[in-house]
Amino acid sequence: MCGIVGFAGIKNSKEAVLNGLRKLEYRGYDSAGIAISSSDNVLSIFKDKGRVEHLEEIITKDLDGPLAIGHTRWATHGKPNKINAHPHISNNKRFIIVHNGVIDNYKELKYTKLSGFNFYSETDTEVIVNLIEYYSRKYDVSSSIRITATKLEGSYSCLIIDKETPDKIYVLKNKTPLLIGCGEKGNIIASDVIPLIGYATKYTNLEDQVFGIVTKDSVSITDYLGNKLEYNVNQVSVNDEEITLGRYPHYMLKEIEEQPDVIRRLISKYFDGENIIINKDLVSMFKSINKINFVAAGTSMYASLMGKYFFEKLCRIPSEVLQSSELVYSSPLIKDVPLFIFLSQSGETADSIAVLKKVKESGYPTLLITNNIGSTMASISDYCLDIYAGPEISVASTKAYVAQVVTMSILAKAVSGSITKLKNHLKSLAKKTEEILGKKVIIKGLADQIKDAKAVFYIGRGIDYWASLESALKLKEISYIHTEAFSSGELKHGTIALIEENVPVIAICTQEGTNGIVRSNLIETEARGAKSFVISMESLSQSSDSFIIPNVSHYLTPLLTVVVTQLLAYYTAVNKNLDIDKPRNLAKSVTVE
Ligand code: AGP
Ligand code: GLU
């Protein structure tokens, strides 16, 4: 996944790159590295295992210069250690590279064309930089990089420095994101828009298979044959305030607390008075389809389950939720006339991008619901709906789930054409979310009771089961407690064998039709020693329940349930003193398949 940043300016490139890397750390934090070219063109490289904070400590004090490239790594090939950390350097030490992506044919290249080269790291990246050296024996630098690109299979965003042309950063882009921002202090290149804040007001989002040359005052983009390309220009719309931690100890807590505002923002964006304002073409396109296939990963996939629910209940359109990582390598039998709805907070998830491309090639209509309308997926899909959640920095997704589900509820209402009280329901949802946020102390108390558990189970049925899936993902990814969600009816078919003395089982009971049966399934686990907890809705609650969410339309209960379980995950991880915003082994954008 990795984050890369490059800066070509008059001075202070180190600061620009380090500042950018700090903001990109959510993309990976196994190691960090930087190459800095000083004003007299001396190139220095610093890299090590660990975070950008550590990188800053090992860089020679007062060293800076007009040009630098940097990297924060999520290892795909080779351990997270100093040798594998980027930048990597060619055998003759002329070329220096940072790379985000995976080169699928790196072994083949290593053992054929590059058989005479030495390799010091276990990365696939070293192949790229040595291949450039290989071609530079015959061609100029630009041609060597472009020819190299034609030999690579896989995904790559690369920034390359050539010691012989030290005022330039060479750029390659295929399948992983890369943006170039132009500013008065110089030009900046980065994996996403956040490092551009303060350096550029406009940027271009590079297409796949392009080569670029960036200097302090110029940007040129070509294809791999060297033909000049026109490029899009977008406005940097994020501001510094949105991405600063402020009074919060962690981004996760900040983002959980932002959820009422996110709901209100969606109301203001998608309602005009009582009318829903969504692209008319998009709404009428639903008349031409008879099936919806939702495609997503992780939290976005669990949010999709609510999309299925809304479209089946409100619009009577049969819907299915498909995992993008599975769909990349399979071809489902399609007999209906489907619309594919992709959900992706980042719009940059590699599996989802791959499926989106396949679906487009097959000619089916596509809609993306995303928090990043400048993303790769947004540029490919036919239609796009913004979830207006604002930047989500914590690796654990919280407000994006709520924003995705609310957006789908509005879309489904618009498609159903029925008179709607949805706006009032959503207004009241925002208020009730605030009520839950006001009861954090109860949730902290629950977290104290599960912090030492080796395993936790969430159970529910129907949409409570779907909320359980998202709740379990949150708890496991930041507290490292093995947590699974089960539909409570399925327990007796095997899983109940795992229940032993004091294993926490958390039942979610917000639906009238299933409340009774889920509670009796919970009693079955209690009989086998489980420590039971119930999260219920007020109208169905019992005095012994662990947390009671306020009454809300039965369609929307997961939007309140997850606020409780997000906080439960958060406080459990706080109790265990873990790195909440950057949990181990993870990265925010999964830009490799
Ligand atoms: C969950 O908290 C996330 N860590 C992860 O599952 C995420 O939802 C998934 O990678 C999908 O990302 P996307 O929405 O950006 O496509
Ligand atoms: N494949 C490279 C490495 O492992 C880059 C990793 C990435 O972008 O995720 O170092």
# chains A, B, ... in the order shown; residues from 1 in each chain; ligands from 1
>>> residues_around(residues="Val505 (chain A)", least_positions_apart="5", cutoff="6 Å", atoms="only C-alpha atoms", output="list of chain:residue names")
A:Val456, A:Phe457, A:Tyr458, A:Ser532
>>> write_last_selection(atoms="N, CA and C atoms", output="PDB file, in the first residue's frame")
ATOM      1  N   VAL A 456     -14.144 -12.994  21.614  1.00  0.00           N
ATOM      2  CA  VAL A 456     -15.448 -12.357  21.858  1.00  0.00           C
ATOM      3  C   VAL A 456     -16.363 -12.730  20.693  1.00  0.00           C
ATOM      4  N   PHE A 457     -17.623 -12.953  21.003  1.00  0.00           N
ATOM      5  CA  PHE A 457     -18.599 -13.237  19.939  1.00  0.00           C
ATOM      6  C   PHE A 457     -19.689 -12.183  19.939  1.00  0.00           C
ATOM      7  N   TYR A 458     -20.036 -11.723  18.751  1.00  0.00           N
ATOM      8  CA  TYR A 458     -21.215 -10.885  18.571  1.00  0.00           C
ATOM      9  C   TYR A 458     -22.277 -11.759  17.926  1.00  0.00           C
ATOM     10  N   SER A 532     -22.553 -12.835  29.278  1.00  0.00           N
ATOM     11  CA  SER A 532     -23.405 -12.267  28.221  1.00  0.00           C
ATOM     12  C   SER A 532     -23.625 -10.767  28.390  1.00  0.00           C
TER      13      SER A 532
END
>>> closest_atom_pairs(of="chain A", to="ligand 2", cutoff="9 Å", atoms="only C-alpha atoms and all ligand atoms", output="Markdown table")
| residue | atom | partner | partner_atom_place_in_ligand_line | distance |
| --- | --- | --- | --- | --- |
| A:Met1 | CA | ligand 2 | 9 (O) | 3.3 |
| A:Cys2 | CA | ligand 2 | 8 (O) | 4.4 |
| A:Gly3 | CA | ligand 2 | 8 (O) | 7.4 |
| A:Ile4 | CA | ligand 2 | 8 (O) | 8.8 |
| A:Arg27 | CA | ligand 2 | 9 (O) | 8.5 |
| A:Gly28 | CA | ligand 2 | 9 (O) | 7.6 |
| A:Thr72 | CA | ligand 2 | 8 (O) | 8.8 |
| A:Arg73 | CA | ligand 2 | 6 (C) | 6.1 |
| A:Trp74 | CA | ligand 2 | 9 (O) | 4.8 |
| A:Ala75 | CA | ligand 2 | 4 (O) | 4.0 |
| A:Thr76 | CA | ligand 2 | 4 (O) | 3.7 |
| A:His77 | CA | ligand 2 | 4 (O) | 4.0 |
| A:Gly78 | CA | ligand 2 | 4 (O) | 6.1 |
| A:Lys79 | CA | ligand 2 | 4 (O) | 8.1 |
| A:Pro80 | CA | ligand 2 | 10 (O) | 8.3 |
| A:Asn84 | CA | ligand 2 | 10 (O) | 6.3 |
| A:Ala85 | CA | ligand 2 | 10 (O) | 6.6 |
| A:His86 | CA | ligand 2 | 10 (O) | 6.8 |
| A:Val98 | CA | ligand 2 | 5 (C) | 8.2 |
| A:His99 | CA | ligand 2 | 5 (C) | 5.5 |
| A:Asn100 | CA | ligand 2 | 8 (O) | 3.2 |
| A:Gly101 | CA | ligand 2 | 8 (O) | 3.7 |
| A:Val102 | CA | ligand 2 | 1 (N) | 4.5 |
| A:Ile103 | CA | ligand 2 | 1 (N) | 6.8 |
| A:Glu122 | CA | ligand 2 | 4 (O) | 8.1 |
| A:Thr123 | CA | ligand 2 | 10 (O) | 5.2 |
| A:Asp124 | CA | ligand 2 | 1 (N) | 5.4 |
| A:Thr125 | CA | ligand 2 | 2 (C) | 5.6 |
| A:Glu126 | CA | ligand 2 | 10 (O) | 8.8 |
| A:Ser155 | CA | ligand 2 | 8 (O) | 8.5 |
| A:Tyr156 | CA | ligand 2 | 8 (O) | 7.5 |
| A:Ser157 | CA | ligand 2 | 8 (O) | 8.2 |
| A:Thr176 | CA | ligand 2 | 8 (O) | 8.3 |
| A:Val590 | CA | ligand 2 | 9 (O) | 8.2 |
| A:Thr591 | CA | ligand 2 | 9 (O) | 7.0 |
| A:Val592 | CA | ligand 2 | 9 (O) | 6.4 |
>>> select_by_dssp(residues="region 445-509 of chain A", states="strand (DSSP E or B)", output="PyMOL selection string")
chain A and resi 455-460+482-487+504-509
>>> write_last_selection(atoms="N, CA and C atoms", output="PDB file, in the first residue's frame")
ATOM      1  N   ALA A 455     -11.289 -14.285  23.315  1.00  0.00           N
ATOM      2  CA  ALA A 455     -12.209 -14.309  22.167  1.00  0.00           C
ATOM      3  C   ALA A 455     -13.507 -13.635  22.582  1.00  0.00           C
ATOM      4  N   VAL A 456     -14.144 -12.994  21.614  1.00  0.00           N
ATOM      5  CA  VAL A 456     -15.448 -12.357  21.858  1.00  0.00           C
ATOM      6  C   VAL A 456     -16.363 -12.730  20.693  1.00  0.00           C
ATOM      7  N   PHE A 457     -17.623 -12.953  21.003  1.00  0.00           N
ATOM      8  CA  PHE A 457     -18.599 -13.237  19.939  1.00  0.00           C
ATOM      9  C   PHE A 457     -19.689 -12.183  19.939  1.00  0.00           C
ATOM     10  N   TYR A 458     -20.036 -11.723  18.751  1.00  0.00           N
ATOM     11  CA  TYR A 458     -21.215 -10.885  18.571  1.00  0.00           C
ATOM     12  C   TYR A 458     -22.277 -11.759  17.926  1.00  0.00           C
ATOM     13  N   ILE A 459     -23.520 -11.665  18.405  1.00  0.00           N
ATOM     14  CA  ILE A 459     -24.595 -12.405  17.738  1.00  0.00           C
ATOM     15  C   ILE A 459     -25.810 -11.502  17.476  1.00  0.00           C
ATOM     16  N   GLY A 460     -26.573 -11.880  16.470  1.00  0.00           N
ATOM     17  CA  GLY A 460     -27.788 -11.137  16.121  1.00  0.00           C
ATOM     18  C   GLY A 460     -28.457 -11.860  14.963  1.00  0.00           C
ATOM     19  N   HIS A 482      -9.571 -11.900  19.282  1.00  0.00           N
ATOM     20  CA  HIS A 482     -10.238 -12.678  18.236  1.00  0.00           C
ATOM     21  C   HIS A 482     -11.756 -12.526  18.399  1.00  0.00           C
ATOM     22  N   THR A 483     -12.362 -11.814  17.483  1.00  0.00           N
ATOM     23  CA  THR A 483     -13.798 -11.530  17.591  1.00  0.00           C
ATOM     24  C   THR A 483     -14.505 -12.004  16.336  1.00  0.00           C
ATOM     25  N   GLU A 484     -15.598 -12.699  16.504  1.00  0.00           N
ATOM     26  CA  GLU A 484     -16.372 -13.144  15.334  1.00  0.00           C
ATOM     27  C   GLU A 484     -17.836 -12.794  15.548  1.00  0.00           C
ATOM     28  N   ALA A 485     -18.515 -12.603  14.428  1.00  0.00           N
ATOM     29  CA  ALA A 485     -19.959 -12.377  14.491  1.00  0.00           C
ATOM     30  C   ALA A 485     -20.666 -13.585  13.900  1.00  0.00           C
ATOM     31  N   PHE A 486     -21.732 -13.985  14.533  1.00  0.00           N
ATOM     32  CA  PHE A 486     -22.522 -15.102  14.010  1.00  0.00           C
ATOM     33  C   PHE A 486     -23.989 -14.743  14.039  1.00  0.00           C
ATOM     34  N   SER A 487     -24.712 -15.249  13.062  1.00  0.00           N
ATOM     35  CA  SER A 487     -26.158 -15.137  13.189  1.00  0.00           C
ATOM     36  C   SER A 487     -26.495 -16.103  14.320  1.00  0.00           C
ATOM     37  N   PRO A 504     -16.960 -13.663  26.483  1.00  0.00           N
ATOM     38  CA  PRO A 504     -17.992 -12.647  26.265  1.00  0.00           C
ATOM     39  C   PRO A 504     -18.799 -12.907  24.987  1.00  0.00           C
ATOM     40  N   VAL A 505     -20.113 -12.913  25.115  1.00  0.00           N
ATOM     41  CA  VAL A 505     -21.000 -12.996  23.951  1.00  0.00           C
ATOM     42  C   VAL A 505     -21.902 -11.762  24.009  1.00  0.00           C
ATOM     43  N   ILE A 506     -21.864 -10.983  22.950  1.00  0.00           N
ATOM     44  CA  ILE A 506     -22.633  -9.731  22.927  1.00  0.00           C
ATOM     45  C   ILE A 506     -23.778  -9.884  21.931  1.00  0.00           C
ATOM     46  N   ALA A 507     -25.003  -9.823  22.433  1.00  0.00           N
ATOM     47  CA  ALA A 507     -26.166  -9.968  21.547  1.00  0.00           C
ATOM     48  C   ALA A 507     -26.699  -8.597  21.175  1.00  0.00           C
ATOM     49  N   ILE A 508     -27.083  -8.460  19.907  1.00  0.00           N
ATOM     50  CA  ILE A 508     -27.674  -7.202  19.447  1.00  0.00           C
ATOM     51  C   ILE A 508     -29.162  -7.453  19.188  1.00  0.00           C
ATOM     52  N   CYS A 509     -29.995  -6.708  19.881  1.00  0.00           N
ATOM     53  CA  CYS A 509     -31.445  -6.948  19.830  1.00  0.00           C
ATOM     54  C   CYS A 509     -32.179  -5.632  19.561  1.00  0.00           C
TER      55      CYS A 509
END
>>> residues_near_ligand(ligand="ligand 1", cutoff="9 Å", atoms="only C-alpha atoms and all ligand atoms", output="NGL selection string")
:A and (296-302 or 342-353 or 370-372 or 394-398 or 400-401 or 470 or 473-474 or 477-478 or 586-591)
>>> residues_around(residues="Ala453 (chain A)", least_positions_apart="5", cutoff="12 Å", atoms="only C-alpha atoms", output="PDB file with C-alpha atoms, in the first residue's frame")
ATOM      1  CA  ALA A 447     -14.797  -2.356  27.691  1.00  0.00           C
ATOM      2  CA  ASP A 448     -13.253  -2.985  31.115  1.00  0.00           C
ATOM      3  CA  LEU A 475     -13.082  -4.914  17.801  1.00  0.00           C
ATOM      4  CA  LYS A 476     -10.663  -7.385  16.234  1.00  0.00           C
ATOM      5  CA  SER A 479      -7.893  -4.604  20.062  1.00  0.00           C
ATOM      6  CA  TYR A 480      -6.408  -7.793  18.518  1.00  0.00           C
ATOM      7  CA  ILE A 481      -8.987  -9.855  20.418  1.00  0.00           C
ATOM      8  CA  HIS A 482     -10.238 -12.678  18.236  1.00  0.00           C
ATOM      9  CA  THR A 483     -13.798 -11.530  17.591  1.00  0.00           C
ATOM     10  CA  GLU A 500     -16.563 -21.765  27.561  1.00  0.00           C
ATOM     11  CA  GLU A 501     -16.427 -20.157  31.004  1.00  0.00           C
ATOM     12  CA  ASN A 502     -16.373 -16.343  30.801  1.00  0.00           C
ATOM     13  CA  VAL A 503     -16.241 -15.959  27.010  1.00  0.00           C
ATOM     14  CA  PRO A 504     -17.992 -12.647  26.265  1.00  0.00           C
ATOM     15  CA  VAL A 505     -21.000 -12.996  23.951  1.00  0.00           C
ATOM     16  CA  ALA A 530     -20.638 -17.311  28.504  1.00  0.00           C
ATOM     17  CA  LYS A 531     -20.450 -13.845  30.013  1.00  0.00           C
ATOM     18  CA  THR A 572     -10.977  -1.855  24.748  1.00  0.00           C
ATOM     19  CA  LYS A 576      -4.779  -2.377  26.269  1.00  0.00           C
TER      20      LYS A 576
END
>>> residues_around(residues="region 15-26 of chain A", least_positions_apart="4", cutoff="8 Å", atoms="only C-alpha atoms", output="PyMOL selection string")
chain A and resi 2-7+34+51-53+56+64+68-72+190-192+194-196+393-395+581-582+587-589
>>> closest_residue(among="A:Ser90, A:Thr510, A:Thr525, A:Thr222", to="Leu540 (chain A)", atoms="only C-alpha atoms")
A:Thr510
>>> residues_around(residues="Pro550 (chain A)", least_positions_apart="4", cutoff="10 Å", atoms="only C-alpha atoms", output="PyMOL selection string")
chain A and resi 429+431-433+435-436+510+536-539+541+557+560-561
>>> write_last_selection(atoms="C-alpha atoms", output="compact mmCIF listing (two decimals), in the first residue's frame")
# COMPACT_ATOMS: atom_id res chain seq x y z
CA LEU A 429 -30.81 9.78 14.13
CA LYS A 431 -29.60 13.59 17.77
CA LYS A 432 -29.76 10.05 19.06
CA THR A 433 -26.20 9.42 17.98
CA GLU A 435 -27.19 10.82 23.08
CA ILE A 436 -25.10 7.67 22.72
CA THR A 510 -33.05 -4.05 17.97
CA SER A 536 -30.94 -3.46 22.73
CA MET A 537 -33.31 -0.80 21.48
CA GLU A 538 -35.32 1.05 24.10
CA SER A 539 -38.72 -0.32 23.09
CA SER A 541 -35.11 -3.42 26.31
CA THR A 557 -30.94 0.73 14.01
CA LEU A 560 -26.87 3.51 16.32
CA THR A 561 -25.68 0.01 17.21
>>> residues_around(residues="Phe286 (chain A)", least_positions_apart="4", cutoff="12 Å", atoms="only C-alpha atoms", output="PyMOL selection string")
chain A and resi 279-282+290-292+311+315-317+337-341+365-367+383+411-412+414-417
>>> write_last_selection(atoms="N, CA, C and O atoms", output="compact mmCIF listing (two decimals), in the first residue's frame")
# COMPACT_ATOMS: atom_id res chain seq x y z
N ASN A 279 -29.01 13.15 -8.73
CA ASN A 279 -28.95 13.12 -10.20
C ASN A 279 -30.13 12.32 -10.80
O ASN A 279 -30.27 11.13 -10.56
N LYS A 280 -30.97 13.02 -11.59
CA LYS A 280 -32.19 12.39 -12.13
C LYS A 280 -31.88 11.20 -13.03
O LYS A 280 -32.59 10.19 -13.03
N ASP A 281 -30.81 11.33 -13.81
CA ASP A 281 -30.40 10.22 -14.71
C ASP A 281 -30.13 8.96 -13.91
O ASP A 281 -30.50 7.86 -14.30
N LEU A 282 -29.43 9.17 -12.78
CA LEU A 282 -29.10 8.02 -11.94
C LEU A 282 -30.39 7.38 -11.42
O LEU A 282 -30.56 6.16 -11.50
N ASN A 290 -32.97 -4.91 -13.07
CA ASN A 290 -33.83 -5.68 -12.18
C ASN A 290 -33.04 -6.42 -11.10
O ASN A 290 -33.52 -7.35 -10.47
N LYS A 291 -31.78 -6.02 -10.92
CA LYS A 291 -30.95 -6.67 -9.90
C LYS A 291 -29.84 -5.70 -9.51
O LYS A 291 -29.36 -4.95 -10.38
N ILE A 292 -29.48 -5.71 -8.23
CA ILE A 292 -28.32 -4.90 -7.82
C ILE A 292 -27.26 -5.83 -7.26
O ILE A 292 -27.56 -6.66 -6.39
N PHE A 311 -32.74 -1.53 -0.61
CA PHE A 311 -33.26 -1.66 -1.99
C PHE A 311 -34.26 -2.80 -2.11
O PHE A 311 -35.19 -2.73 -2.91
N CYS A 315 -37.52 -0.74 -2.54
CA CYS A 315 -37.64 -0.64 -4.01
C CYS A 315 -37.98 -1.98 -4.64
O CYS A 315 -38.17 -2.05 -5.86
N ARG A 316 -38.02 -3.02 -3.85
CA ARG A 316 -38.33 -4.37 -4.35
C ARG A 316 -37.36 -4.80 -5.45
O ARG A 316 -37.73 -5.45 -6.42
N ILE A 317 -36.11 -4.40 -5.33
CA ILE A 317 -35.10 -4.84 -6.31
C ILE A 317 -34.21 -5.90 -5.63
O ILE A 317 -33.53 -5.58 -4.65
N VAL A 337 -30.63 -8.23 -15.40
CA VAL A 337 -30.08 -6.98 -15.94
C VAL A 337 -29.58 -6.19 -14.74
O VAL A 337 -30.34 -5.46 -14.09
N PRO A 338 -28.32 -6.36 -14.39
CA PRO A 338 -27.87 -5.81 -13.11
C PRO A 338 -27.28 -4.40 -13.19
O PRO A 338 -26.76 -3.98 -14.22
N LEU A 339 -27.37 -3.73 -12.04
CA LEU A 339 -26.57 -2.53 -11.79
C LEU A 339 -25.53 -2.96 -10.75
O LEU A 339 -25.87 -3.67 -9.80
N PHE A 340 -24.30 -2.56 -10.95
CA PHE A 340 -23.27 -2.84 -9.95
C PHE A 340 -23.04 -1.57 -9.12
O PHE A 340 -22.70 -0.53 -9.68
N ILE A 341 -23.29 -1.70 -7.81
CA ILE A 341 -23.00 -0.56 -6.92
C ILE A 341 -21.74 -0.88 -6.12
O ILE A 341 -21.70 -1.87 -5.38
N PRO A 365 -24.02 -1.15 -16.10
CA PRO A 365 -23.91 0.17 -15.47
C PRO A 365 -23.29 0.08 -14.08
O PRO A 365 -23.47 -0.93 -13.38
N THR A 366 -22.58 1.13 -13.71
CA THR A 366 -21.88 1.11 -12.42
C THR A 366 -22.12 2.42 -11.67
O THR A 366 -22.16 3.49 -12.26
N LEU A 367 -22.26 2.27 -10.36
CA LEU A 367 -22.39 3.44 -9.48
C LEU A 367 -21.37 3.26 -8.35
O LEU A 367 -21.26 2.17 -7.79
N TYR A 383 -21.58 6.45 -12.57
CA TYR A 383 -22.20 7.40 -11.65
C TYR A 383 -21.42 7.38 -10.34
O TYR A 383 -20.82 6.35 -9.99
N LEU A 411 -30.73 7.31 -1.29
CA LEU A 411 -30.84 6.88 -2.69
C LEU A 411 -32.02 5.92 -2.87
O LEU A 411 -32.83 6.06 -3.80
N ALA A 412 -32.13 4.96 -1.95
CA ALA A 412 -33.21 3.98 -2.07
C ALA A 412 -34.58 4.66 -1.98
O ALA A 412 -35.52 4.32 -2.71
N ALA A 414 -35.19 7.74 -2.86
CA ALA A 414 -35.39 8.48 -4.12
C ALA A 414 -35.85 7.52 -5.21
O ALA A 414 -36.76 7.83 -5.98
N VAL A 415 -35.25 6.34 -5.27
CA VAL A 415 -35.60 5.38 -6.31
C VAL A 415 -37.01 4.83 -6.08
O VAL A 415 -37.78 4.63 -7.02
N SER A 416 -37.38 4.63 -4.81
CA SER A 416 -38.71 4.07 -4.52
C SER A 416 -39.81 5.07 -4.89
O SER A 416 -40.95 4.69 -5.15
N GLY A 417 -39.47 6.35 -4.89
CA GLY A 417 -40.44 7.38 -5.27
C GLY A 417 -41.53 7.59 -4.24
O GLY A 417 -42.45 8.37 -4.44
>>> residues_around(residues="Glu230 (chain A)", least_positions_apart="2", cutoff="8 Å", atoms="only C-alpha atoms", output="list of chain:residue names")
A:Ile221, A:Lys228, A:Asn232
>>> atom_distance(atom1="CA of Thr376 (chain A)", atom2="CA of Lys360 (chain A)")
13.6 Å
>>> select_by_dssp(residues="region 274-477 of chain A", states="helix (DSSP H, G or I)", output="number ranges by chain")
A: 280-288, 298-315, 324-327, 350-362, 376-380, 399-416, 422-437, 440-450, 463-477
>>> closest_residue(among="A:Ala32, A:Ala430, A:Val129, A:Ile96", to="Lys82 (chain A)", atoms="only C-alpha atoms")
A:Ala32
>>> closest_residue(among="A:Leu568, A:Ile549, A:Ser331, A:Met252", to="Lys440 (chain A)", atoms="only C-alpha atoms")
A:Leu568
>>> closest_residue(among="A:Ser44, A:Ser31, A:Ser288, A:Asn275", to="Lys14 (chain A)", atoms="only C-alpha atoms")
A:Ser44
>>> closest_residue(among="A:Lys175, A:Ala303, A:Gln404, A:Glu593", to="Ser324 (chain A)", atoms="only C-alpha atoms")
A:Glu593
>>> atom_distance(atom1="CA of Asp104 (chain A)", atom2="CA of Asp48 (chain A)")
25.1 Å
>>> closest_residue(among="A:Ile59, A:Ala149, A:Val402, A:Leu522", to="Leu225 (chain A)", atoms="only C-alpha atoms")
A:Ala149
>>> atom_distance(atom1="CA of Glu207 (chain A)", atom2="CA of Leu178 (chain A)")
8.5 Å
